[in-house]
$ cat entry-v4.cif   # mmCIF, C-alpha atoms
data_protein
loop_
_atom_site.group_PDB
_atom_site.id
_atom_site.type_symbol
_atom_site.label_atom_id
_atom_site.label_comp_id
_atom_site.auth_asym_id
_atom_site.auth_seq_id
_atom_site.Cartn_x
_atom_site.Cartn_y
_atom_site.Cartn_z
ATOM 1 C CA MET A 1 148.715 -36.992 -77.970
ATOM 2 C CA ALA A 2 147.617 -37.716 -81.531
ATOM 3 C CA SER A 3 146.542 -35.563 -84.421
ATOM 4 C CA VAL A 4 143.241 -36.304 -86.125
ATOM 5 C CA THR A 5 141.774 -34.702 -89.229
ATOM 6 C CA LEU A 6 138.138 -35.303 -90.115
ATOM 7 C CA THR A 7 135.608 -33.721 -92.399
ATOM 8 C CA VAL A 8 132.606 -33.187 -90.131
ATOM 9 C CA ASN A 9 129.358 -32.038 -91.705
ATOM 10 C CA GLY A 10 131.295 -30.808 -94.720
ATOM 11 C CA LYS A 11 133.963 -28.880 -92.804
ATOM 12 C CA GLN A 12 137.507 -30.146 -92.338
ATOM 13 C CA VAL A 13 138.742 -30.080 -88.748
ATOM 14 C CA THR A 14 142.107 -30.990 -87.277
ATOM 15 C CA ALA A 15 142.806 -31.401 -83.592
ATOM 16 C CA THR A 16 145.303 -32.892 -81.210
ATOM 17 C CA VAL A 17 143.593 -35.392 -78.929
ATOM 18 C CA ASP A 18 144.412 -38.079 -76.431
ATOM 19 C CA PRO A 19 144.544 -41.333 -78.459
ATOM 20 C CA ARG A 20 141.811 -42.715 -76.155
ATOM 21 C CA THR A 21 139.338 -39.972 -77.135
ATOM 22 C CA LEU A 22 136.110 -41.460 -78.383
ATOM 23 C CA LEU A 23 134.476 -40.031 -81.482
ATOM 24 C CA ALA A 24 131.406 -39.039 -79.443
ATOM 25 C CA GLN A 25 133.641 -37.127 -77.008
ATOM 26 C CA PHE A 26 135.467 -35.457 -79.876
ATOM 27 C CA LEU A 27 132.227 -34.336 -81.505
ATOM 28 C CA ARG A 28 130.642 -33.117 -78.285
ATOM 29 C CA GLU A 29 133.600 -31.693 -76.365
ATOM 30 C CA HIS A 30 135.969 -30.502 -79.086
ATOM 31 C CA LEU A 31 133.508 -29.486 -81.811
ATOM 32 C CA HIS A 32 130.526 -28.649 -79.552
ATOM 33 C CA LEU A 33 128.189 -30.747 -81.710
ATOM 34 C CA THR A 34 125.965 -31.885 -78.868
ATOM 35 C CA GLY A 35 123.254 -33.509 -80.965
ATOM 36 C CA THR A 36 125.192 -36.760 -80.704
ATOM 37 C CA HIS A 37 124.131 -38.181 -77.351
ATOM 38 C CA VAL A 38 125.847 -40.723 -75.126
ATOM 39 C CA GLY A 39 123.430 -42.874 -73.202
ATOM 40 C CA CYS A 40 125.219 -46.090 -72.307
ATOM 41 C CA ASP A 41 128.930 -45.992 -73.260
ATOM 42 C CA THR A 42 128.629 -49.631 -74.394
ATOM 43 C CA SER A 43 127.095 -49.492 -77.912
ATOM 44 C CA GLN A 44 123.771 -50.766 -76.576
ATOM 45 C CA CYS A 45 121.421 -47.779 -76.881
ATOM 46 C CA GLY A 46 122.262 -46.161 -80.240
ATOM 47 C CA ALA A 47 121.872 -42.557 -79.047
ATOM 48 C CA CYS A 48 125.397 -41.860 -80.335
ATOM 49 C CA VAL A 49 124.907 -42.993 -83.954
ATOM 50 C CA VAL A 50 126.642 -40.872 -86.587
ATOM 51 C CA HIS A 51 127.671 -41.648 -90.156
ATOM 52 C CA VAL A 52 131.324 -42.288 -90.953
ATOM 53 C CA ASN A 53 132.054 -42.493 -94.662
ATOM 54 C CA GLY A 54 128.336 -42.952 -95.276
ATOM 55 C CA ARG A 55 127.752 -45.789 -92.804
ATOM 56 C CA ALA A 56 126.079 -45.629 -89.407
ATOM 57 C CA ILE A 57 128.405 -46.299 -86.475
ATOM 58 C CA LYS A 58 128.098 -45.985 -82.727
ATOM 59 C CA SER A 59 130.452 -43.172 -81.823
ATOM 60 C CA CYS A 60 130.583 -43.936 -78.089
ATOM 61 C CA THR A 61 132.903 -46.887 -78.690
ATOM 62 C CA THR A 62 134.791 -45.634 -81.740
ATOM 63 C CA LEU A 63 138.136 -43.929 -81.261
ATOM 64 C CA ALA A 64 138.389 -40.550 -82.959
ATOM 65 C CA VAL A 65 141.869 -41.398 -84.268
ATOM 66 C CA SER A 66 140.464 -44.494 -86.003
ATOM 67 C CA CYS A 67 138.377 -42.124 -88.115
ATOM 68 C CA ASP A 68 141.334 -40.002 -89.259
ATOM 69 C CA GLY A 69 140.647 -38.824 -92.805
ATOM 70 C CA ALA A 70 136.995 -39.877 -92.680
ATOM 71 C CA LEU A 71 133.835 -38.029 -93.622
ATOM 72 C CA VAL A 72 131.617 -37.746 -90.544
ATOM 73 C CA THR A 73 127.988 -36.641 -90.584
ATOM 74 C CA THR A 74 126.132 -35.859 -87.376
ATOM 75 C CA ILE A 75 122.495 -34.969 -86.824
ATOM 76 C CA GLU A 76 123.510 -31.312 -87.175
ATOM 77 C CA GLY A 77 124.707 -32.011 -90.721
ATOM 78 C CA ILE A 78 121.600 -33.533 -92.292
ATOM 79 C CA GLY A 79 119.154 -30.638 -92.337
ATOM 80 C CA THR A 80 118.471 -27.139 -91.108
ATOM 81 C CA PRO A 81 115.621 -25.728 -89.015
ATOM 82 C CA ASP A 82 114.171 -24.223 -92.198
ATOM 83 C CA ASN A 83 114.821 -27.262 -94.381
ATOM 84 C CA LEU A 84 114.570 -30.506 -92.418
ATOM 85 C CA HIS A 85 115.857 -33.762 -93.853
ATOM 86 C CA PRO A 86 112.853 -35.928 -94.885
ATOM 87 C CA MET A 87 113.528 -38.289 -91.976
ATOM 88 C CA GLN A 88 113.603 -35.402 -89.487
ATOM 89 C CA ALA A 89 110.334 -34.089 -90.909
ATOM 90 C CA ALA A 90 108.745 -37.543 -90.668
ATOM 91 C CA PHE A 91 109.753 -37.871 -86.998
ATOM 92 C CA ARG A 92 108.195 -34.482 -86.307
ATOM 93 C CA GLU A 93 105.004 -35.218 -88.253
ATOM 94 C CA ASN A 94 104.503 -38.661 -86.696
ATOM 95 C CA HIS A 95 105.524 -37.669 -83.181
ATOM 96 C CA GLY A 96 108.315 -40.242 -83.342
ATOM 97 C CA LEU A 97 109.869 -38.850 -80.175
ATOM 98 C CA GLN A 98 109.005 -37.982 -76.639
ATOM 99 C CA CYS A 99 111.924 -36.776 -74.562
ATOM 100 C CA GLY A 100 114.106 -36.592 -77.700
ATOM 101 C CA PHE A 101 117.238 -38.134 -76.191
ATOM 102 C CA CYS A 102 117.309 -41.115 -78.561
ATOM 103 C CA THR A 103 115.969 -39.180 -81.558
ATOM 104 C CA PRO A 104 119.260 -38.091 -83.186
ATOM 105 C CA GLY A 105 120.581 -41.662 -83.115
ATOM 106 C CA MET A 106 117.242 -43.044 -84.328
ATOM 107 C CA ILE A 107 117.180 -40.605 -87.249
ATOM 108 C CA MET A 108 120.799 -41.295 -88.222
ATOM 109 C CA SER A 109 120.148 -45.051 -88.013
ATOM 110 C CA ALA A 110 116.950 -44.699 -90.040
ATOM 111 C CA ILE A 111 118.756 -42.814 -92.805
ATOM 112 C CA ASP A 112 121.372 -45.568 -92.889
ATOM 113 C CA ILE A 113 118.638 -48.208 -93.130
ATOM 114 C CA VAL A 114 117.174 -46.450 -96.166
ATOM 115 C CA ASN A 115 120.618 -46.053 -97.732
ATOM 116 C CA ARG A 116 121.260 -49.792 -97.337
ATOM 117 C CA ARG A 117 117.786 -51.299 -97.792
ATOM 118 C CA GLY A 118 115.966 -48.842 -100.049
ATOM 119 C CA ASN A 119 112.994 -46.633 -99.362
ATOM 120 C CA LYS A 120 110.242 -49.284 -99.358
ATOM 121 C CA LEU A 121 110.470 -50.676 -95.858
ATOM 122 C CA ASP A 122 107.892 -52.805 -94.089
ATOM 123 C CA GLU A 123 107.245 -52.672 -90.357
ATOM 124 C CA HIS A 124 109.112 -55.901 -89.634
ATOM 125 C CA THR A 125 112.244 -54.688 -91.421
ATOM 126 C CA ILE A 126 112.165 -51.323 -89.640
ATOM 127 C CA ARG A 127 111.747 -52.915 -86.215
ATOM 128 C CA GLU A 128 114.485 -55.466 -86.890
ATOM 129 C CA GLU A 129 116.906 -52.830 -88.198
ATOM 130 C CA LEU A 130 116.297 -50.536 -85.208
ATOM 131 C CA GLU A 131 117.082 -53.249 -82.649
ATOM 132 C CA GLY A 132 120.351 -51.472 -81.821
ATOM 133 C CA ASN A 133 118.522 -48.286 -80.839
ATOM 134 C CA ILE A 134 116.708 -48.031 -77.530
ATOM 135 C CA CYS A 135 113.933 -45.578 -76.724
ATOM 136 C CA ARG A 136 112.953 -45.584 -73.085
ATOM 137 C CA CYS A 137 109.854 -43.404 -73.584
ATOM 138 C CA THR A 138 107.822 -44.896 -76.420
ATOM 139 C CA GLY A 139 106.462 -48.199 -77.607
ATOM 140 C CA TYR A 140 108.187 -47.595 -80.962
ATOM 141 C CA HIS A 141 104.868 -47.440 -82.850
ATOM 142 C CA ASN A 142 105.290 -43.800 -83.878
ATOM 143 C CA ILE A 143 109.010 -44.279 -84.510
ATOM 144 C CA VAL A 144 108.235 -47.087 -86.959
ATOM 145 C CA LYS A 145 105.605 -44.914 -88.671
ATOM 146 C CA ALA A 146 108.103 -42.053 -88.880
ATOM 147 C CA VAL A 147 110.824 -44.231 -90.386
ATOM 148 C CA ALA A 148 108.397 -45.633 -92.984
ATOM 149 C CA GLN A 149 107.232 -42.149 -93.975
ATOM 150 C CA GLY A 150 110.764 -40.723 -93.963
ATOM 151 C CA ALA A 151 111.995 -43.641 -96.052
ATOM 152 C CA ALA A 152 109.241 -43.127 -98.630
ATOM 153 C CA ALA A 153 110.141 -39.433 -98.832
ATOM 154 C CA MET A 154 113.838 -40.159 -99.423
ATOM 155 C CA ASN A 155 114.297 -40.722 -103.137
#

$ encode --input "entry-v4.cif" --output "structure tokens"
Amino acid sequence: MASVTLTVNGKQVTATVDPRTLLAQFLREHLHLTGTHVGCDTSQCGACVVHVNGRAIKSCTTLAVSCDGALVTTIEGIGTPDNLHPMQAAFRENHGLQCGFCTPGMIMSAIDIVNRRGNKLDEHTIREELEGNICRCTGYHNIVKAVAQGAAAMN
């Protein structure tokens, strides 16, 4: 067993885990933060994207112990039901979701795109940057619109 200490959504947590515990498992099973979804277990779909030290990572293939001491932000940590993050609001306003399974990872990836590329994003850039996120329900049109609007709203 290994000890891991993380700051998750602003709260420090320490736990003893099997060294093989994936960050997605840790978040979902130990902390009950179920907004982080696991769709493929191979880093292909992006449903598991969270931010570690301000950068988007796929938590389904990241060991929790490798994040010891890190700042982790999940979808639960970016807004509240009464005060949505601008990207969450843009997804809602543009119907950038259908079943919602991929949505947390899409939103976390989109925020990372804005943090890295700035808030003036064209369609080509958005589509290229979201290549690591799969939505099985949509044609991405409304997702792209949502990311563009959310990006513009993030100052």

$ residues_near_point --input "entry-v4.cif" --point "(107.2, -45.5, -89.2)" --cutoff "9 Å" --atoms "all atoms listed in the file" --output "list of chain:residue names"
A:Ala90, A:Phe91, A:Asn94, A:Gly96, A:Asp122, A:Glu123, A:Ile126, A:Tyr140, A:His141, A:Asn142, A:Ile143, A:Val144, A:Lys145, A:Ala146, A:Val147, A:Ala148, A:Gln149, A:Gly150, A:Ala151

$ resolve_selection --input "entry-v4.cif" --expression "the PyMOL selection byres ((chain A and resi 72) around 7)" --output "list in words"
Leu6, Thr7, Val8, Asn9, His51, Val52, Asn53, Ala70, Leu71, Thr73 and Thr74 of chain A

$ closest_residue --input "entry-v4.cif" --among "A:Glu131, A:Asp18, A:Glu76, A:Asp112" --to "Leu63 in chain A" --atoms "only C-alpha atoms"
A:Asp18

$ resolve_selection --input "entry-v4.cif" --expression "the PyMOL selection byres ((chain A and resi 35-46) around 10)" --output "JSON, numbers by chain"
{"A": [22, 23, 24, 25, 27, 28, 32, 33, 34, 47, 48, 49, 50, 56, 57, 58, 59, 60, 61, 62, 74, 75, 76, 77, 101, 102, 103, 104, 105, 106, 108, 109, 130, 131, 132, 133, 134, 135, 136]}

$ closest_residue --input "entry-v4.cif" --among "A:Asp68, A:Glu29, A:Glu93, A:Glu129" --to "Ala110 in chain A" --atoms "only C-alpha atoms"
A:Glu129

$ atom_distance --input "entry-v4.cif" --atom1 "CA of Pro81 in chain A" --atom2 "CA of Thr14 in chain A"
27.1 Å

$ atom_distance --input "entry-v4.cif" --atom1 "CA of Thr80 in chain A" --atom2 "CA of Ile107 in chain A"
14.1 Å
